[in-house]
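S.K.: File structure.cif follows (mmCIF, C-alpha atoms):
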data_work
loop_
_atom_site.label_atom_id
_atom_site.label_comp_id
_atom_site.auth_asym_id
_atom_site.auth_seq_id
_atom_site.Cartn_x
_atom_site.Cartn_y
_atom_site.Cartn_z
CA LEU A 1 -28.83 15.67 87.43
CA ILE A 2 -26.84 17.97 85.13
CA LEU A 3 -25.22 16.43 82.04
CA CYS A 4 -21.94 17.77 80.78
CA LEU A 5 -22.30 18.75 77.12
CA LYS A 6 -18.57 19.06 76.50
CA PRO A 7 -16.33 16.04 75.91
CA SER A 8 -13.74 15.23 78.54
CA SER A 9 -10.22 16.47 77.95
CA LEU A 10 -8.77 12.99 78.53
CA PRO A 11 -9.93 9.68 77.06
CA SER A 12 -11.60 7.23 79.36
CA ASP A 13 -9.78 4.07 80.40
CA GLU A 14 -12.47 1.86 78.93
CA PRO A 15 -14.60 2.35 75.83
CA SER A 16 -18.13 3.53 76.24
CA LEU A 17 -20.94 1.02 75.89
CA GLN A 18 -22.55 3.05 73.11
CA PRO A 19 -20.95 5.17 70.35
CA SER A 20 -20.98 8.92 70.78
CA SER A 21 -23.57 10.91 68.86
CA MET A 22 -20.87 13.22 67.46
CA PRO A 23 -17.64 12.18 65.77
CA SER A 24 -14.35 13.00 67.49
CA ASP A 25 -12.40 16.09 66.38
CA GLU A 26 -9.33 14.02 65.57
CA PRO A 27 -9.02 10.52 64.16
CA SER A 28 -7.85 7.68 66.39
CA ARG A 29 -4.19 6.78 66.30
CA SER A 30 -4.80 3.15 65.37
CA PRO A 31 -7.54 1.60 63.25
CA SER A 32 -10.44 -0.22 64.82
CA ASP A 33 -10.27 -4.01 65.08
CA GLU A 34 -13.46 -4.49 63.10
CA PRO A 35 -14.71 -2.58 60.05
CA SER A 36 -17.52 -0.11 60.41
CA VAL A 37 -21.03 -1.20 59.51
CA GLU A 38 -21.46 1.53 56.90
CA PRO A 39 -18.84 2.54 54.33
CA SER A 40 -17.25 5.94 54.65
CA GLY A 41 -18.64 8.77 52.54
CA LEU A 42 -15.25 9.67 51.05
CA PRO A 43 -12.52 7.39 49.72
CA SER A 44 -9.43 6.87 51.85
CA ASP A 45 -6.15 8.54 50.92
CA THR A 46 -4.27 5.25 50.74
CA PRO A 47 -5.42 1.85 49.49
CA THR A 48 -6.34 -0.93 51.92
CA ASN A 49 -3.85 -3.71 52.55
CA ASN A 50 -6.34 -6.39 51.54
CA PRO A 51 -9.00 -6.19 48.86
CA SER A 52 -12.62 -6.02 49.92
CA SER A 53 -14.59 -9.27 49.89
CA GLU A 54 -17.46 -7.69 47.97
CA PRO A 55 -17.19 -5.55 44.81
CA SER A 56 -18.11 -1.92 44.98
CA VAL A 57 -21.61 -0.92 43.89
CA SER A 58 -20.39 1.73 41.46
CA PRO A 59 -17.14 1.80 39.49
CA THR A 60 -14.43 4.25 40.44
CA ASN A 61 -14.30 7.52 38.59
CA ASN A 62 -10.69 6.97 37.58
CA PRO A 63 -8.98 3.61 37.13
CA THR A 64 -6.30 2.83 39.67
CA ALA A 65 -2.78 2.69 38.35
CA SER A 66 -1.00 -0.59 38.97
CA VAL A 67 1.81 -0.27 41.47
CA LYS A 68 3.94 -2.84 39.68
CA PRO A 69 3.61 -5.09 36.66
CA SER A 70 2.20 -8.57 36.96
CA ALA A 71 4.63 -11.21 38.16
CA THR A 72 4.19 -13.36 35.09
CA PRO A 73 3.26 -12.46 31.53
CA THR A 74 0.05 -13.60 29.94
CA GLY A 75 0.00 -17.22 28.89
CA ALA A 76 -0.47 -16.58 25.19
CA PRO A 77 -0.16 -13.60 22.88
CA THR A 78 -3.11 -12.06 21.12
CA MET A 79 -4.66 -13.77 18.16
CA ASP A 80 -2.41 -13.99 15.15
CA PRO A 81 -2.92 -11.09 12.78
CA ALA A 82 -4.29 -11.88 9.39
CA SER A 83 -1.39 -13.55 7.65
CA THR A 84 -0.38 -12.11 4.33
CA SER A 85 1.47 -13.91 1.63
CA ALA A 86 5.05 -12.95 1.03
CA PRO A 87 5.44 -9.97 -1.31
CA THR A 88 6.44 -10.69 -4.86
CA LYS A 89 10.10 -10.17 -5.60
CA SER A 90 9.32 -8.09 -8.66
CA PRO A 91 6.18 -6.36 -9.97
CA VAL A 92 3.98 -8.45 -12.17
CA SER A 93 4.23 -7.31 -15.75
CA SER A 94 1.09 -6.63 -17.70
CA PRO A 95 -0.01 -9.43 -19.97
CA VAL A 96 1.08 -8.90 -23.56
CA SER A 97 -1.46 -9.36 -26.31
CA ALA A 98 -0.65 -12.08 -28.81
CA SER A 99 -1.08 -9.48 -31.55
CA CYS A 100 1.67 -7.27 -30.10
CA LYS A 101 5.02 -8.13 -31.62
CA ASP A 102 8.11 -6.29 -32.73
CA SER A 103 8.25 -6.05 -36.48
CA THR A 104 10.96 -8.16 -38.08
CA LEU A 105 11.13 -5.78 -41.03
CA LYS A 106 14.11 -3.49 -41.35
CA PHE A 107 13.16 0.18 -41.19
CA TYR A 108 14.88 3.37 -42.16
CA PHE A 109 15.87 5.65 -39.32
CA PRO A 110 15.79 9.26 -40.55
CA LYS A 111 18.74 11.53 -39.89
CA ASP A 112 19.44 15.13 -40.86
CA GLY A 113 16.24 15.28 -42.93
CA ASN A 114 17.07 12.16 -44.91
CA PRO A 115 14.31 9.56 -44.35
CA LEU A 116 16.50 6.77 -45.72
CA ALA A 117 19.66 7.69 -43.81
CA LYS A 118 20.05 4.56 -41.67
CA ARG A 119 18.59 1.09 -41.97
CA LYS A 120 17.81 -0.31 -38.52
CA SER A 121 15.84 -3.05 -36.77
CA CYS A 122 14.08 -3.59 -33.43
CA LYS A 123 17.11 -5.55 -32.22
CA TRP A 124 19.17 -2.40 -32.69
CA VAL A 125 16.59 -0.37 -30.72
CA GLY A 126 16.92 -2.66 -27.70
CA LYS A 127 20.63 -3.40 -28.01
CA LYS A 128 21.70 -0.79 -25.44
CA ALA A 129 19.39 -0.46 -22.44
CA SER A 130 20.56 3.10 -21.76
CA LYS A 131 19.40 4.22 -25.23
CA ILE A 132 16.09 2.38 -25.59
CA ILE A 133 13.94 5.24 -24.30
CA ALA A 134 15.66 7.84 -26.48
CA ARG A 135 15.36 5.67 -29.59
CA CYS A 136 11.73 4.76 -28.92
CA GLU A 137 10.77 8.42 -28.60
CA LYS A 138 12.05 9.28 -32.08
CA PHE A 139 9.74 9.21 -35.07
CA SER A 140 7.48 6.16 -34.72
CA VAL A 141 9.96 3.55 -33.54
CA ASN A 142 7.58 2.76 -30.64
CA ALA A 143 4.95 1.68 -33.18
CA HIS A 144 7.44 -0.43 -35.13
CA CYS A 145 8.87 -2.06 -31.99
CA PRO A 146 6.03 -2.09 -29.38
CA ILE A 147 7.49 -4.96 -27.33
CA THR A 148 10.92 -3.35 -27.01
CA CYS A 149 9.41 0.08 -26.35
CA GLY A 150 6.64 -1.20 -24.05
CA THR A 151 3.90 0.42 -26.13
CA CYS A 152 1.60 -2.52 -26.86
CA SER A 153 -1.34 -0.47 -25.59
CA LEU A 154 -0.95 1.97 -28.49
CA CYS A 155 -2.90 1.01 -31.59
CA VAL A 156 -1.01 3.01 -34.18
CA ASP A 157 0.82 2.46 -37.45
CA SER A 158 4.49 3.10 -37.90
CA THR A 159 5.18 6.19 -40.04
CA MET A 160 8.65 5.04 -41.04
CA GLN A 161 9.41 3.33 -44.32
CA PHE A 162 10.29 -0.34 -44.16
CA ILE A 163 11.69 -2.92 -46.52
CA VAL A 164 9.05 -5.39 -47.66
CA GLN A 165 11.49 -7.31 -49.84
CA LYS A 166 14.77 -6.62 -51.54
CA GLY A 167 14.51 -3.36 -53.39
CA VAL A 168 10.90 -2.73 -52.28
CA ILE A 169 10.35 0.02 -49.68
CA LYS A 170 6.87 0.69 -48.37
CA ASP A 171 5.03 2.23 -45.41
CA CYS A 172 1.74 1.67 -43.57
CA ALA A 173 0.00 4.34 -45.65
CA TRP A 174 0.59 2.10 -48.67
CA VAL A 175 -0.79 -0.93 -46.80
CA GLY A 176 -4.17 0.76 -46.20
CA LYS A 177 -4.28 2.80 -49.39
CA ASN A 178 -6.36 0.45 -51.49
CA GLY A 179 -9.11 -1.26 -49.53
CA LYS A 180 -9.30 -4.37 -51.69
CA HIS A 181 -5.59 -5.06 -51.17
CA VAL A 182 -5.47 -4.42 -47.41
CA VAL A 183 -6.32 -7.99 -46.42
CA THR A 184 -3.79 -9.46 -48.84
CA ARG A 185 -1.04 -7.15 -47.66
CA CYS A 186 -1.87 -7.61 -43.99
CA ASN A 187 -1.83 -11.40 -44.30
CA LYS A 188 1.92 -11.14 -44.30
CA ALA A 189 2.82 -11.39 -40.62
CA THR A 190 5.69 -8.96 -40.93
CA ILE A 191 3.42 -6.20 -42.27
CA LYS A 192 0.59 -7.02 -39.83
CA ASP A 193 2.97 -6.52 -36.91
CA ASN A 194 4.26 -3.25 -38.33
CA CYS A 195 0.92 -1.68 -39.30
CA ARG A 196 -1.33 -2.78 -36.45
CA LYS A 197 -3.98 -0.12 -36.98
CA ALA A 198 -4.23 -0.47 -40.75
CA CYS A 199 -4.45 -4.26 -40.40
CA ASP A 200 -6.82 -4.13 -37.43
CA ASN A 201 -4.31 -6.11 -35.38
CA CYS A 202 -4.65 -4.40 -31.99
CA SER A 203 -6.79 -6.88 -30.04
#
Could I get this file's structure written as structure tokens?
M.R.:
Amino acid sequence: LILCLKPSSLPSDEPSLQPSSMPSDEPSRSPSDEPSVEPSGLPSDTPTNNPSSEPSVSPTNNPTASVKPSATPTGAPTMDPASTSAPTKSPVSSPVSASCKDSTLKFYFPKDGNPLAKRKSCKWVGKKASKIIARCEKFSVNAHCPITCGTCSLCVDSTMQFIVQKGVIKDCAWVGKNGKHVVTRCNKATIKDNCRKACDNCS
């Protein structure tokens, strides 16, 4: 008996009882009714119509892109982010020390080399908002009017002359000139506010 080693040119009318030892050269035109016992070595070009009943042993190398979005959105959004309190409407100003006050003493504003040219006050310094900075930068107005000029952090004495009482003009150098009189002179609130360094009134 001589066996033919070549496949027949035409398919048989009925399937063979046993599978062939060699795969066919071309794939069948229609899929088989039942899945094969062993999975194929290579993935198919197109996805299956129905998902497999068992998960794959190893994950896919690349995630599959969804063909369309889910029909319904997720039931609830993600956890609420850490809630923050509403921002303040304006920046919080730095606390002002109780020892920082504008002097109530009139002072002389020098002009054209004359130290007693103009008699002014801290109210005059802050009267026009557009001129406050310019006025505070001249001489030592910022030491005489620390609240108006925003210079409470500076522990300095005013260098301008001020009116202690009618007809009496002094400065901070006079306040600290004689040690035994410093306390007496600084006990006057008006002088203590004007000569903060000499009166040790910077805390």
S.K.: Under the PyMOL selection byres ((chain A and resi 196) around 10), which residues of this model are included? Write them out as a list in words.
M.R.: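 That selection, the PyMOL selection byres ((chain A and resi 196) around 10), comes back as Ser99, Cys100, Lys101, Ala143, His144, Leu154, Cys155, Val156, Asp157, Ser158, Cys172, Cys186, Ile191, Lys192, Asp193, Asn194, Cys195, Lys197, Ala198, Cys199, Asp200, Asn201, Cys202 and Ser203 of chain A.
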S.K.: So how many Å separate CA of Cys122 in chain A and CA of Lys170 in chain A, to one decimal?
M.R.: 17.1 Å
S.K.: From the options A:Arg135, A:Lys166, A:Arg185, A:Lys180, which residue's atoms come nearest to Phe109 in chain A, counting all atoms listed in the file?
M.R.: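 Checking each of A:Arg135, A:Lys166, A:Arg185, A:Lys180 against Phe109 in chain A, counting all atoms listed in the file, the winner is A:Arg135.
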S.K.: Of the residues A:Lys123, A:Leu105, A:Lys128, A:Ile133, which is the one nearest to Ile169 in chain A, using all atoms listed in the file?
M.R.: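 Of A:Lys123, A:Leu105, A:Lys128, A:Ile133, the one nearest Ile169 in chain A, counting all atoms listed in the file, is A:Leu105.
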S.K.: Have a look at CA of Gln161 in chain A and CA of Tyr108 in chain A and let me know their distance in Å, one decimal.
M.R.: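 Between CA of Gln161 in chain A and CA of Tyr108 in chain A the gap works out to 5.9 Å.
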S.K.: Find the distance between CA of Pro110 in chain A and CA of Lys138 in chain A and write it in Å to one decimal.
M.R.: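 A separation of 9.3 Å between them.
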S.K.: With 7 Å as the threshold, what does the neighbourhood of (8.5, 8.1, -41.0) contain in terms of residues, counting only C-alpha atoms? Coordinates are those of the file; answer as a ChimeraX atom specification.
M.R.: /A:115,139-140,159-161
S.K.: Hey, could you patch up range 128-147 of chain A with N, CA, C and O atoms and hand it over as a PDB file, in the coordinates of the input?
M.R.:
ATOM      1  N   LYS A 128      21.126  -1.487 -26.594  1.00  0.00           N
ATOM      2  CA  LYS A 128      21.700  -0.790 -25.440  1.00  0.00           C
ATOM      3  C   LYS A 128      20.570  -0.274 -24.564  1.00  0.00           C
ATOM      4  O   LYS A 128      19.798   0.587 -24.997  1.00  0.00           O
ATOM      5  N   ALA A 129      20.485  -0.818 -23.341  1.00  0.00           N
ATOM      6  CA  ALA A 129      19.390  -0.460 -22.440  1.00  0.00           C
ATOM      7  C   ALA A 129      19.344   1.029 -22.144  1.00  0.00           C
ATOM      8  O   ALA A 129      18.270   1.620 -21.976  1.00  0.00           O
ATOM      9  N   SER A 130      20.501   1.671 -22.097  1.00  0.00           N
ATOM     10  CA  SER A 130      20.560   3.100 -21.760  1.00  0.00           C
ATOM     11  C   SER A 130      20.032   3.984 -22.886  1.00  0.00           C
ATOM     12  O   SER A 130      19.776   5.171 -22.683  1.00  0.00           O
ATOM     13  N   LYS A 131      19.845   3.419 -24.087  1.00  0.00           N
ATOM     14  CA  LYS A 131      19.400   4.220 -25.230  1.00  0.00           C
ATOM     15  C   LYS A 131      18.018   3.844 -25.734  1.00  0.00           C
ATOM     16  O   LYS A 131      17.520   4.452 -26.699  1.00  0.00           O
ATOM     17  N   ILE A 132      17.393   2.849 -25.105  1.00  0.00           N
ATOM     18  CA  ILE A 132      16.090   2.380 -25.590  1.00  0.00           C
ATOM     19  C   ILE A 132      15.052   3.493 -25.565  1.00  0.00           C
ATOM     20  O   ILE A 132      14.344   3.720 -26.554  1.00  0.00           O
ATOM     21  N   ILE A 133      14.960   4.199 -24.432  1.00  0.00           N
ATOM     22  CA  ILE A 133      13.940   5.240 -24.300  1.00  0.00           C
ATOM     23  C   ILE A 133      14.147   6.333 -25.350  1.00  0.00           C
ATOM     24  O   ILE A 133      13.197   6.766 -26.024  1.00  0.00           O
ATOM     25  N   ALA A 134      15.379   6.769 -25.522  1.00  0.00           N
ATOM     26  CA  ALA A 134      15.660   7.840 -26.480  1.00  0.00           C
ATOM     27  C   ALA A 134      15.325   7.395 -27.903  1.00  0.00           C
ATOM     28  O   ALA A 134      14.773   8.172 -28.701  1.00  0.00           O
ATOM     29  N   ARG A 135      15.629   6.164 -28.237  1.00  0.00           N
ATOM     30  CA  ARG A 135      15.360   5.670 -29.590  1.00  0.00           C
ATOM     31  C   ARG A 135      13.861   5.476 -29.823  1.00  0.00           C
ATOM     32  O   ARG A 135      13.360   5.749 -30.913  1.00  0.00           O
ATOM     33  N   CYS A 136      13.172   4.995 -28.791  1.00  0.00           N
ATOM     34  CA  CYS A 136      11.730   4.760 -28.920  1.00  0.00           C
ATOM     35  C   CYS A 136      10.939   6.049 -29.058  1.00  0.00           C
ATOM     36  O   CYS A 136       9.831   6.050 -29.614  1.00  0.00           O
ATOM     37  N   GLU A 137      11.479   7.144 -28.549  1.00  0.00           N
ATOM     38  CA  GLU A 137      10.770   8.420 -28.600  1.00  0.00           C
ATOM     39  C   GLU A 137      10.917   9.122 -29.949  1.00  0.00           C
ATOM     40  O   GLU A 137      10.226  10.098 -30.218  1.00  0.00           O
ATOM     41  N   LYS A 138      11.824   8.636 -30.788  1.00  0.00           N
ATOM     42  CA  LYS A 138      12.050   9.280 -32.080  1.00  0.00           C
ATOM     43  C   LYS A 138      11.145   8.684 -33.147  1.00  0.00           C
ATOM     44  O   LYS A 138      10.970   7.465 -33.223  1.00  0.00           O
ATOM     45  N   PHE A 139      10.585   9.591 -33.937  1.00  0.00           N
ATOM     46  CA  PHE A 139       9.740   9.210 -35.070  1.00  0.00           C
ATOM     47  C   PHE A 139       8.642   8.261 -34.590  1.00  0.00           C
ATOM     48  O   PHE A 139       7.927   8.572 -33.669  1.00  0.00           O
ATOM     49  N   SER A 140       8.508   7.101 -35.184  1.00  0.00           N
ATOM     50  CA  SER A 140       7.480   6.160 -34.720  1.00  0.00           C
ATOM     51  C   SER A 140       8.097   4.787 -34.443  1.00  0.00           C
ATOM     52  O   SER A 140       7.506   3.753 -34.742  1.00  0.00           O
ATOM     53  N   VAL A 141       9.289   4.807 -33.884  1.00  0.00           N
ATOM     54  CA  VAL A 141       9.960   3.550 -33.540  1.00  0.00           C
ATOM     55  C   VAL A 141       9.114   2.755 -32.552  1.00  0.00           C
ATOM     56  O   VAL A 141       9.055   1.530 -32.601  1.00  0.00           O
ATOM     57  N   ASN A 142       8.393   3.467 -31.645  1.00  0.00           N
ATOM     58  CA  ASN A 142       7.580   2.760 -30.640  1.00  0.00           C
ATOM     59  C   ASN A 142       6.418   2.002 -31.275  1.00  0.00           C
ATOM     60  O   ASN A 142       5.913   1.047 -30.699  1.00  0.00           O
ATOM     61  N   ALA A 143       5.998   2.408 -32.478  1.00  0.00           N
ATOM     62  CA  ALA A 143       4.950   1.680 -33.180  1.00  0.00           C
ATOM     63  C   ALA A 143       5.529   0.496 -33.952  1.00  0.00           C
ATOM     64  O   ALA A 143       4.874  -0.522 -34.138  1.00  0.00           O
ATOM     65  N   HIS A 144       6.763   0.637 -34.389  1.00  0.00           N
ATOM     66  CA  HIS A 144       7.440  -0.430 -35.130  1.00  0.00           C
ATOM     67  C   HIS A 144       7.937  -1.520 -34.182  1.00  0.00           C
ATOM     68  O   HIS A 144       7.954  -2.699 -34.546  1.00  0.00           O
ATOM     69  N   CYS A 145       8.306  -1.121 -32.970  1.00  0.00           N
ATOM     70  CA  CYS A 145       8.870  -2.060 -31.990  1.00  0.00           C
ATOM     71  C   CYS A 145       8.113  -1.948 -30.658  1.00  0.00           C
ATOM     72  O   CYS A 145       8.681  -1.499 -29.638  1.00  0.00           O
ATOM     73  N   PRO A 146       6.829  -2.300 -30.593  1.00  0.00           N
ATOM     74  CA  PRO A 146       6.030  -2.090 -29.380  1.00  0.00           C
ATOM     75  C   PRO A 146       6.478  -2.934 -28.181  1.00  0.00           C
ATOM     76  O   PRO A 146       6.330  -2.507 -27.049  1.00  0.00           O
ATOM     77  N   ILE A 147       7.013  -4.115 -28.436  1.00  0.00           N
ATOM     78  CA  ILE A 147       7.490  -4.960 -27.330  1.00  0.00           C
ATOM     79  C   ILE A 147       8.715  -4.312 -26.689  1.00  0.00           C
ATOM     80  O   ILE A 147       8.802  -4.146 -25.466  1.00  0.00           O
TER      81      ILE A 147
END
